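Single-structure report; data block below.
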Amino acid sequence: MRVLVIGSGGREHALAWKLAQSPLLSQLFVAPGNGGTGEIAENVVLDITDHAAVVGFCKLMRIDFVVVGPDAQVVAGLGDDIRTAGIACFCPSKAAGQLEGSKSFTKALCDEMGIPTAAYRRFESESEALDYLATRTAPIVIKADGLAAGKGVTVAETIEAARGAVEDCFAGAFGAAGASVVIEEFMVGEEVSLFVLCDGQTMLPLTTAQDHKRAHDGDTGPNTGGMGAYSPADIMTPELEAQVMREIIEPTVRGLRERGTPYQGVLYAGLMLTAEGPKLVEYNARFGDPETQVMMLRLQSDLLELLYATATGTLAGHAPRWSEDTALTVILASKGYPGAYNTGSAIGGLEGLNHEGIEVFHAGTRREDGRLLAAGGRVLNVTALGADIAEAQRRVYRCVDQIDWPEGFCRRDIGWRAIERARH
């Protein structure tokens with residue numbers, strides 16, 4: 001099977017790395033790819049926002065199957081255009097992708113289907129949003145309604161900070177994503193993610209992971225696209241997973257099917273485990289980043305077979321196999337991220353790091369004149385398996401310390417919650 005992966009981040013490198021292991025694969029392309037994907041696949045210079053160009057490439061190269069990685073391409077309907085051209089594609093429809101593209105769309109679906117989530121209000125007017133805030137207490141959550149590259153959420157500790165977040169959204173800090181704003185109650189609990197494959201009818205739970213959104217140790221600093229993750233999330237028991245499937249995932253899939261927009265793809269549920277039970281924080285309509293990196297290291301089944309079955313409505317009967325080990329990943333980011341940062345600095349020390357149970361997935365990198373250069377905010381994902389969370393963490397940071405990149409930084413406490421629980 002000739003396969004094209006769309007995207008250029010750590011998620012796409014991890015997906016390509018796992019797809020490359022499939023006996024069903026004959027040739028693998030990644031568009032546009034990065035400095036890591038070019039080592040295992042053919043990187044393609046292609047404007048992935050130009051759907052006609054993507055379809056044209058697929059026809060020219062006789063692509064059998066396309067795997068779409070990034071949220072922006074899901075929400076823009078790239079999967080629909082590829083399928084219209086007669087090519088199988090792992091990507092939800094544009095209509096179903098509104099689960100990620102519009103927070104108010106998801107909230108309305110939750111209302112309709114009785115799905116537990118935070119209380120909320122949506123505003124298209126800055127003055128109305130600010131008037132509403134005057135009646136609330138902190139902490140409170142401000143969200144840009146649309147896609148904001150994982151950075152459109154502010155957990156405001158004061159009403160003054162909430163006002164600033166609302167003003168930033170309406171001032172264009174997140175572009176069109178902030179043209180409307182959702183204000184939510186602050187939920188108390190611990191966040192966890194559950195990933196589920198769905199072919200429109202069959203729902204197949206994959207595994208759990210826990211992301212670390214804040215930029216700095218101790219969960220301090222601004223929200224980012226994610227600074228590290230581990231899988232499985234020990235806090236998510238089989239009983240909790242069954243409850244989430246019953247009360248959150250199944251009503252969501254049923255509601256979309258009843259609307260005539262069945263969900264085919266991966267459903268990434270961000271959950272808050274509260275004293276009242278699990279509640280939905282938000283949905284993503286694609287694999288997580290950096291959660292994919294730890295999931296792919298643990299997955300023992302054929303990823304290509306699973307994704308193709310999802311895309312073609314033949315998921316029933318599949319049962320993915322997972323390593324019982326824990327996987328942990330740490331993001332090395334450019335200094336300044338998620339704010340302004342420089343690119344073009346050289347990265348060294350990666351030689352020999354990839355061996356049994358350890359992989360360095362690339363995100364914002366490029367190769368030039370034989371050198372590996374930083375080309376983004378989140379740059380490398382150092383990922384390892386361990387018999388437990390502590391061993392996985394030790395193996396990762398041992399590798400991190402061998403990388404020569406003074407212009408980068410990382411958190412030093414990824415996995416701290418699970419390690420604290422293990423100690424007690």
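For the structure tokens, the naming scheme is as follows: chains receive sequential letters (A, B, ...) according to their order of presentation, residues are indexed from 1 within each chain, and ligands are indexed from 1 in presentation order.
Near Ala275 of chain A, within 12 Å and counting only C-alpha atoms, sit Met187, Val188, Gly189, Glu190 and Lys279 of chain A, not including residues fewer than 4 positions from it in the same chain.
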Preceding selection exported with C-alpha atoms as a PDB file, in the first residue's frame:
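Okay, this is what ended up in result_8.pdb:
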ATOM      1  CA  MET A 187     -13.415  22.251  36.924  1.00  0.00           C
ATOM      2  CA  VAL A 188     -11.458  20.854  39.862  1.00  0.00           C
ATOM      3  CA  GLY A 189      -9.752  17.520  39.266  1.00  0.00           C
ATOM      4  CA  GLU A 190      -7.012  15.873  37.233  1.00  0.00           C
ATOM      5  CA  LYS A 279     -16.428  15.301  32.568  1.00  0.00           C
TER       6      LYS A 279
END
Hey, could you make a per-residue contact list for segment 40-155 of chain A against segment 308-311 of chain A with 8 Å as the cut-off, showing the nearest pair of atoms and its distance in Å to one decimal, counting only C-alpha atoms, sorted by chain and number, as CSV?
residue,atom,partner,partner_atom,distance
A:Phe65,CA,A:Tyr308,CA,7.6
A:Ala88,CA,A:Ala311,CA,6.7
A:Cys89,CA,A:Ala311,CA,6.0
A:Phe90,CA,A:Ala311,CA,5.1
A:Cys91,CA,A:Ala311,CA,7.4
Pull N, CA and C atoms from the residues just selected and write them as a PDB file, in the first residue's frame.
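selection26.pdb was written with the following content:
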ATOM      1  N   PHE A  65      -3.703   5.447   0.240  1.00  0.00           N
ATOM      2  CA  PHE A  65      -4.260   5.787   1.540  1.00  0.00           C
ATOM      3  C   PHE A  65      -3.555   7.019   2.080  1.00  0.00           C
ATOM      4  N   ALA A  88      -8.874   6.521  -0.292  1.00  0.00           N
ATOM      5  CA  ALA A  88      -9.176   6.273   1.120  1.00  0.00           C
ATOM      6  C   ALA A  88      -8.384   7.234   1.989  1.00  0.00           C
ATOM      7  N   CYS A  89      -9.019   7.727   3.066  1.00  0.00           N
ATOM      8  CA  CYS A  89      -8.367   8.741   3.884  1.00  0.00           C
ATOM      9  C   CYS A  89      -8.765   8.591   5.341  1.00  0.00           C
ATOM     10  N   PHE A  90      -7.768   8.587   6.211  1.00  0.00           N
ATOM     11  CA  PHE A  90      -8.004   8.579   7.656  1.00  0.00           C
ATOM     12  C   PHE A  90      -8.084  10.030   8.110  1.00  0.00           C
ATOM     13  N   CYS A  91      -9.322  10.500   8.249  1.00  0.00           N
ATOM     14  CA  CYS A  91      -9.563  11.897   8.625  1.00  0.00           C
ATOM     15  C   CYS A  91     -11.067  12.083   8.766  1.00  0.00           C
TER      16      CYS A  91
END
Report the residues of segment 12-172 of chain A whose backbone DSSP state falls under alpha helix (DSSP H), written as a ChimeraX atom specification.
-> /A:12-19,51-60,71-75,78-84,98-101,103-113,126-133,159-170
Would you list the contacts of Leu78 of chain A as a PyMOL selection string, taking every protein, DNA or RNA residue within 10 Å and counting only C-alpha atoms, but skipping same-chain residues closer than 2 positions in sequence?
-> chain A and resi 6+48-52+54-55+68+72-76+80-84+89+91-94
Fewer than 6 positions away in the same chain doesn't count, so skip those; otherwise give me all residues within 9 Å of segment 269-274 of chain A, counting only C-alpha atoms, as a ChimeraX atom specification.
-> /A:117,187-196,235-236,240,244,248-249,280-285
Give me every strand (DSSP E) residue in segment 314-343 of chain A, going by DSSP on the backbone, as a PDB file with N, CA and C atoms, in the first residue's frame.
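What landed in part.pdb:
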ATOM      1  N   THR A 326       5.435   1.434  30.450  1.00  0.00           N
ATOM      2  CA  THR A 326       5.042   2.843  30.389  1.00  0.00           C
ATOM      3  C   THR A 326       5.948   3.559  29.392  1.00  0.00           C
ATOM      4  N   ALA A 327       5.366   4.443  28.587  1.00  0.00           N
ATOM      5  CA  ALA A 327       6.148   5.286  27.678  1.00  0.00           C
ATOM      6  C   ALA A 327       6.042   6.726  28.147  1.00  0.00           C
ATOM      7  N   LEU A 328       7.159   7.452  28.041  1.00  0.00           N
ATOM      8  CA  LEU A 328       7.194   8.855  28.451  1.00  0.00           C
ATOM      9  C   LEU A 328       7.958   9.648  27.407  1.00  0.00           C
ATOM     10  N   THR A 329       7.471  10.846  27.093  1.00  0.00           N
ATOM     11  CA  THR A 329       8.157  11.711  26.140  1.00  0.00           C
ATOM     12  C   THR A 329       8.351  13.091  26.735  1.00  0.00           C
ATOM     13  N   VAL A 330       9.494  13.686  26.420  1.00  0.00           N
ATOM     14  CA  VAL A 330       9.828  15.048  26.848  1.00  0.00           C
ATOM     15  C   VAL A 330      10.081  15.892  25.610  1.00  0.00           C
ATOM     16  N   ILE A 331       9.458  17.056  25.568  1.00  0.00           N
ATOM     17  CA  ILE A 331       9.622  17.971  24.439  1.00  0.00           C
ATOM     18  C   ILE A 331      10.795  18.897  24.692  1.00  0.00           C
ATOM     19  N   LEU A 332      11.718  18.958  23.743  1.00  0.00           N
ATOM     20  CA  LEU A 332      12.738  19.996  23.725  1.00  0.00           C
ATOM     21  C   LEU A 332      12.236  21.106  22.821  1.00  0.00           C
ATOM     22  N   ALA A 333      12.121  22.308  23.383  1.00  0.00           N
ATOM     23  CA  ALA A 333      11.548  23.450  22.661  1.00  0.00           C
ATOM     24  C   ALA A 333      12.565  24.579  22.564  1.00  0.00           C
ATOM     25  N   SER A 334      12.347  25.448  21.598  1.00  0.00           N
ATOM     26  CA  SER A 334      13.193  26.636  21.439  1.00  0.00           C
ATOM     27  C   SER A 334      12.946  27.599  22.596  1.00  0.00           C
TER      28      SER A 334
END
Measure the distance from atom CA of Gln293 of chain A to atom CA of Gly317 of chain A in Å and round it to one decimal.
->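 Distance between the two atoms: 25.3 Å.
If only C-alpha atoms are the atoms counted, then among A:Phe287, A:Tyr337, A:Tyr230, A:Tyr397 the closest residue to Trp416 of chain A is A:Tyr230.
Residues in contact with segment 34-47 of chain A at 9 Å, where only C-alpha atoms are counted and same-chain residues fewer than 4 positions away are skipped, are listed as A:Gly7, A:Ser8, A:Gly9, A:Gly10, A:Glu12, A:His13, A:Ala14, A:Ala16, A:Trp17, A:Ala20, A:Gln27, A:Leu28, A:Phe29, A:Val30, A:His51, A:Ala53, A:Val54, A:Phe57, A:Val360, A:Phe361, A:His362, A:Ala363, A:Gly364, A:Thr365, A:Arg366, A:Arg367, A:Leu372, A:Leu373, A:Ala375.
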Selection from above, C-alpha atoms, as a PDB file, in the first residue's frame, can you write it?
ATOM      1  CA  GLY A   7       1.880  17.054   8.487  1.00  0.00           C
ATOM      2  CA  SER A   8       5.299  18.056   9.788  1.00  0.00           C
ATOM      3  CA  GLY A   9       5.293  17.662  13.575  1.00  0.00           C
ATOM      4  CA  GLY A  10       6.295  15.127  16.172  1.00  0.00           C
ATOM      5  CA  GLU A  12       3.469  12.862  12.134  1.00  0.00           C
ATOM      6  CA  HIS A  13       6.998  11.538  12.674  1.00  0.00           C
ATOM      7  CA  ALA A  14       5.647   9.067  15.255  1.00  0.00           C
ATOM      8  CA  ALA A  16       5.200   7.581  10.011  1.00  0.00           C
ATOM      9  CA  TRP A  17       7.655   5.622  12.198  1.00  0.00           C
ATOM     10  CA  ALA A  20       6.841   2.163   8.265  1.00  0.00           C
ATOM     11  CA  GLN A  27       6.039   3.130  -0.029  1.00  0.00           C
ATOM     12  CA  LEU A  28       5.658   5.981   2.473  1.00  0.00           C
ATOM     13  CA  PHE A  29       5.527   9.722   1.811  1.00  0.00           C
ATOM     14  CA  VAL A  30       5.227  12.601   4.290  1.00  0.00           C
ATOM     15  CA  HIS A  51      -6.328  20.601  -1.402  1.00  0.00           C
ATOM     16  CA  ALA A  53      -2.404  20.094  -5.020  1.00  0.00           C
ATOM     17  CA  VAL A  54      -2.651  17.311  -2.442  1.00  0.00           C
ATOM     18  CA  PHE A  57      -0.022  14.502  -5.908  1.00  0.00           C
ATOM     19  CA  VAL A 360      13.783  10.692  19.267  1.00  0.00           C
ATOM     20  CA  PHE A 361      10.885  11.981  17.189  1.00  0.00           C
ATOM     21  CA  HIS A 362      11.445  15.228  15.331  1.00  0.00           C
ATOM     22  CA  ALA A 363       8.961  18.116  15.236  1.00  0.00           C
ATOM     23  CA  GLY A 364      10.353  21.521  14.268  1.00  0.00           C
ATOM     24  CA  THR A 365      13.571  20.428  12.543  1.00  0.00           C
ATOM     25  CA  ARG A 366      15.142  20.636   9.099  1.00  0.00           C
ATOM     26  CA  ARG A 367      18.368  19.371   7.576  1.00  0.00           C
ATOM     27  CA  LEU A 372      20.211  19.345  11.889  1.00  0.00           C
ATOM     28  CA  LEU A 373      18.666  22.756  12.573  1.00  0.00           C
ATOM     29  CA  ALA A 375      12.884  25.118  12.679  1.00  0.00           C
TER      30      ALA A 375
END
Which of A:Pro32, A:Gly348, A:Gly336, A:Gly97 sits closest to Asp71 of chain A [using only C-alpha atoms] |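 Once distances to Asp71 of chain A are computed over only C-alpha atoms, the minimum belongs to A:Gly97.
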Spatial neighbours of Val400 of chain A, 12 Å, only C-alpha atoms, chain gap at least 5 places, as a PyMOL selection string | chain A and resi 329-333+347-350+353-354+358-360+380-384+393-395+405-406+408-412
Could you take the residues named above and write them with N, CA and C atoms, as a PDB file, in the first residue's frame?
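Produced file again_12.pdb, reproduced below:
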ATOM      1  N   THR A 329       7.471  10.846  27.093  1.00  0.00           N
ATOM      2  CA  THR A 329       8.157  11.711  26.140  1.00  0.00           C
ATOM      3  C   THR A 329       8.351  13.091  26.735  1.00  0.00           C
ATOM      4  N   VAL A 330       9.494  13.686  26.420  1.00  0.00           N
ATOM      5  CA  VAL A 330       9.828  15.048  26.848  1.00  0.00           C
ATOM      6  C   VAL A 330      10.081  15.892  25.610  1.00  0.00           C
ATOM      7  N   ILE A 331       9.458  17.056  25.568  1.00  0.00           N
ATOM      8  CA  ILE A 331       9.622  17.971  24.439  1.00  0.00           C
ATOM      9  C   ILE A 331      10.795  18.897  24.692  1.00  0.00           C
ATOM     10  N   LEU A 332      11.718  18.958  23.743  1.00  0.00           N
ATOM     11  CA  LEU A 332      12.738  19.996  23.725  1.00  0.00           C
ATOM     12  C   LEU A 332      12.236  21.106  22.821  1.00  0.00           C
ATOM     13  N   ALA A 333      12.121  22.308  23.383  1.00  0.00           N
ATOM     14  CA  ALA A 333      11.548  23.450  22.661  1.00  0.00           C
ATOM     15  C   ALA A 333      12.565  24.579  22.564  1.00  0.00           C
ATOM     16  N   ILE A 347      21.694  21.550  16.162  1.00  0.00           N
ATOM     17  CA  ILE A 347      21.437  20.561  17.210  1.00  0.00           C
ATOM     18  C   ILE A 347      22.401  19.393  17.014  1.00  0.00           C
ATOM     19  N   GLY A 348      23.079  19.007  18.083  1.00  0.00           N
ATOM     20  CA  GLY A 348      24.011  17.889  18.009  1.00  0.00           C
ATOM     21  C   GLY A 348      23.747  16.870  19.104  1.00  0.00           C
ATOM     22  N   GLY A 349      24.493  15.783  19.053  1.00  0.00           N
ATOM     23  CA  GLY A 349      24.428  14.789  20.122  1.00  0.00           C
ATOM     24  C   GLY A 349      23.355  13.743  19.973  1.00  0.00           C
ATOM     25  N   LEU A 350      22.690  13.676  18.801  1.00  0.00           N
ATOM     26  CA  LEU A 350      21.607  12.696  18.629  1.00  0.00           C
ATOM     27  C   LEU A 350      22.118  11.318  18.215  1.00  0.00           C
ATOM     28  N   LEU A 353      21.305   7.675  19.960  1.00  0.00           N
ATOM     29  CA  LEU A 353      20.265   7.733  20.988  1.00  0.00           C
ATOM     30  C   LEU A 353      19.108   6.777  20.704  1.00  0.00           C
ATOM     31  N   ASN A 354      18.789   6.545  19.432  1.00  0.00           N
ATOM     32  CA  ASN A 354      17.682   5.657  19.089  1.00  0.00           C
ATOM     33  C   ASN A 354      18.133   4.201  19.204  1.00  0.00           C
ATOM     34  N   ILE A 358      13.799   3.321  22.852  1.00  0.00           N
ATOM     35  CA  ILE A 358      14.047   4.769  22.884  1.00  0.00           C
ATOM     36  C   ILE A 358      13.982   5.312  21.460  1.00  0.00           C
ATOM     37  N   GLU A 359      13.227   6.366  21.276  1.00  0.00           N
ATOM     38  CA  GLU A 359      13.139   7.021  19.970  1.00  0.00           C
ATOM     39  C   GLU A 359      13.147   8.538  20.175  1.00  0.00           C
ATOM     40  N   VAL A 360      13.851   9.226  19.296  1.00  0.00           N
ATOM     41  CA  VAL A 360      13.783  10.692  19.267  1.00  0.00           C
ATOM     42  C   VAL A 360      12.968  11.078  18.041  1.00  0.00           C
ATOM     43  N   LEU A 380      12.100  18.703  19.349  1.00  0.00           N
ATOM     44  CA  LEU A 380      12.397  17.277  19.450  1.00  0.00           C
ATOM     45  C   LEU A 380      11.529  16.645  20.531  1.00  0.00           C
ATOM     46  N   ASN A 381      11.207  15.364  20.365  1.00  0.00           N
ATOM     47  CA  ASN A 381      10.437  14.603  21.346  1.00  0.00           C
ATOM     48  C   ASN A 381      11.260  13.375  21.735  1.00  0.00           C
ATOM     49  N   VAL A 382      11.905  13.418  22.887  1.00  0.00           N
ATOM     50  CA  VAL A 382      12.706  12.285  23.351  1.00  0.00           C
ATOM     51  C   VAL A 382      11.774  11.337  24.098  1.00  0.00           C
ATOM     52  N   THR A 383      11.678  10.092  23.628  1.00  0.00           N
ATOM     53  CA  THR A 383      10.624   9.176  24.060  1.00  0.00           C
ATOM     54  C   THR A 383      11.234   7.834  24.447  1.00  0.00           C
ATOM     55  N   ALA A 384      10.776   7.265  25.578  1.00  0.00           N
ATOM     56  CA  ALA A 384      11.343   5.995  26.029  1.00  0.00           C
ATOM     57  C   ALA A 384      10.295   5.129  26.706  1.00  0.00           C
ATOM     58  N   GLN A 393      11.035   7.700  32.852  1.00  0.00           N
ATOM     59  CA  GLN A 393      11.505   9.077  33.041  1.00  0.00           C
ATOM     60  C   GLN A 393      13.034   9.129  33.098  1.00  0.00           C
ATOM     61  N   ARG A 394      13.643   8.220  33.852  1.00  0.00           N
ATOM     62  CA  ARG A 394      15.111   8.201  33.951  1.00  0.00           C
ATOM     63  C   ARG A 394      15.752   8.000  32.592  1.00  0.00           C
ATOM     64  N   ARG A 395      15.211   7.079  31.800  1.00  0.00           N
ATOM     65  CA  ARG A 395      15.797   6.798  30.478  1.00  0.00           C
ATOM     66  C   ARG A 395      15.690   8.010  29.560  1.00  0.00           C
ATOM     67  N   TRP A 405      22.249  21.231  22.541  1.00  0.00           N
ATOM     68  CA  TRP A 405      21.437  22.295  21.937  1.00  0.00           C
ATOM     69  C   TRP A 405      21.202  23.397  22.979  1.00  0.00           C
ATOM     70  N   PRO A 406      22.174  24.294  23.147  1.00  0.00           N
ATOM     71  CA  PRO A 406      22.063  25.351  24.163  1.00  0.00           C
ATOM     72  C   PRO A 406      20.854  26.260  23.970  1.00  0.00           C
ATOM     73  N   GLY A 408      17.870  25.417  23.365  1.00  0.00           N
ATOM     74  CA  GLY A 408      16.625  24.733  23.701  1.00  0.00           C
ATOM     75  C   GLY A 408      16.408  24.623  25.197  1.00  0.00           C
ATOM     76  N   PHE A 409      15.178  24.249  25.569  1.00  0.00           N
ATOM     77  CA  PHE A 409      14.856  23.997  26.975  1.00  0.00           C
ATOM     78  C   PHE A 409      13.805  22.898  27.048  1.00  0.00           C
ATOM     79  N   CYS A 410      13.642  22.343  28.242  1.00  0.00           N
ATOM     80  CA  CYS A 410      12.590  21.347  28.453  1.00  0.00           C
ATOM     81  C   CYS A 410      12.170  21.383  29.910  1.00  0.00           C
ATOM     82  N   ARG A 411      11.024  20.801  30.192  1.00  0.00           N
ATOM     83  CA  ARG A 411      10.629  20.558  31.573  1.00  0.00           C
ATOM     84  C   ARG A 411      11.396  19.355  32.107  1.00  0.00           C
ATOM     85  N   ARG A 412      11.678  19.366  33.406  1.00  0.00           N
ATOM     86  CA  ARG A 412      12.424  18.274  34.020  1.00  0.00           C
ATOM     87  C   ARG A 412      11.547  17.401  34.910  1.00  0.00           C
TER      88      ARG A 412
END
In Å, rounded to a single decimal, give me how far atom CA of Glu247 of chain A is from atom CA of Val155 of chain A.
-> 25.6 Å
Pairwise distance for atom CA of Glu420 of chain A and atom CA of Ala392 of chain A, rounded to one decimal in Å = 14.4 Å
Contacts of Ala119 of chain A at 10 Å or less, counting only C-alpha atoms, minus same-chain residues fewer than 5 places along, as a PDB file with C-alpha atoms, in the first residue's frame?
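Saved result, part-v5.pdb, follows:
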ATOM      1  CA  LYS A 107     -20.861  22.265  23.975  1.00  0.00           C
ATOM      2  CA  ASP A 111     -26.286  19.810  25.941  1.00  0.00           C
ATOM      3  CA  ILE A 183     -16.322  31.189  29.068  1.00  0.00           C
ATOM      4  CA  GLU A 184     -16.432  28.053  31.211  1.00  0.00           C
ATOM      5  CA  GLU A 185     -16.576  27.179  34.855  1.00  0.00           C
ATOM      6  CA  PHE A 186     -13.281  25.997  36.287  1.00  0.00           C
ATOM      7  CA  MET A 187     -13.415  22.251  36.924  1.00  0.00           C
TER       8      MET A 187
END
Which is closer to Ala173 of chain A than all the others in A:Gly152, A:Leu19, A:Leu315, A:Leu303, using only C-alpha atoms?
->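 Closest to Ala173 of chain A of all the choices is A:Gly152.
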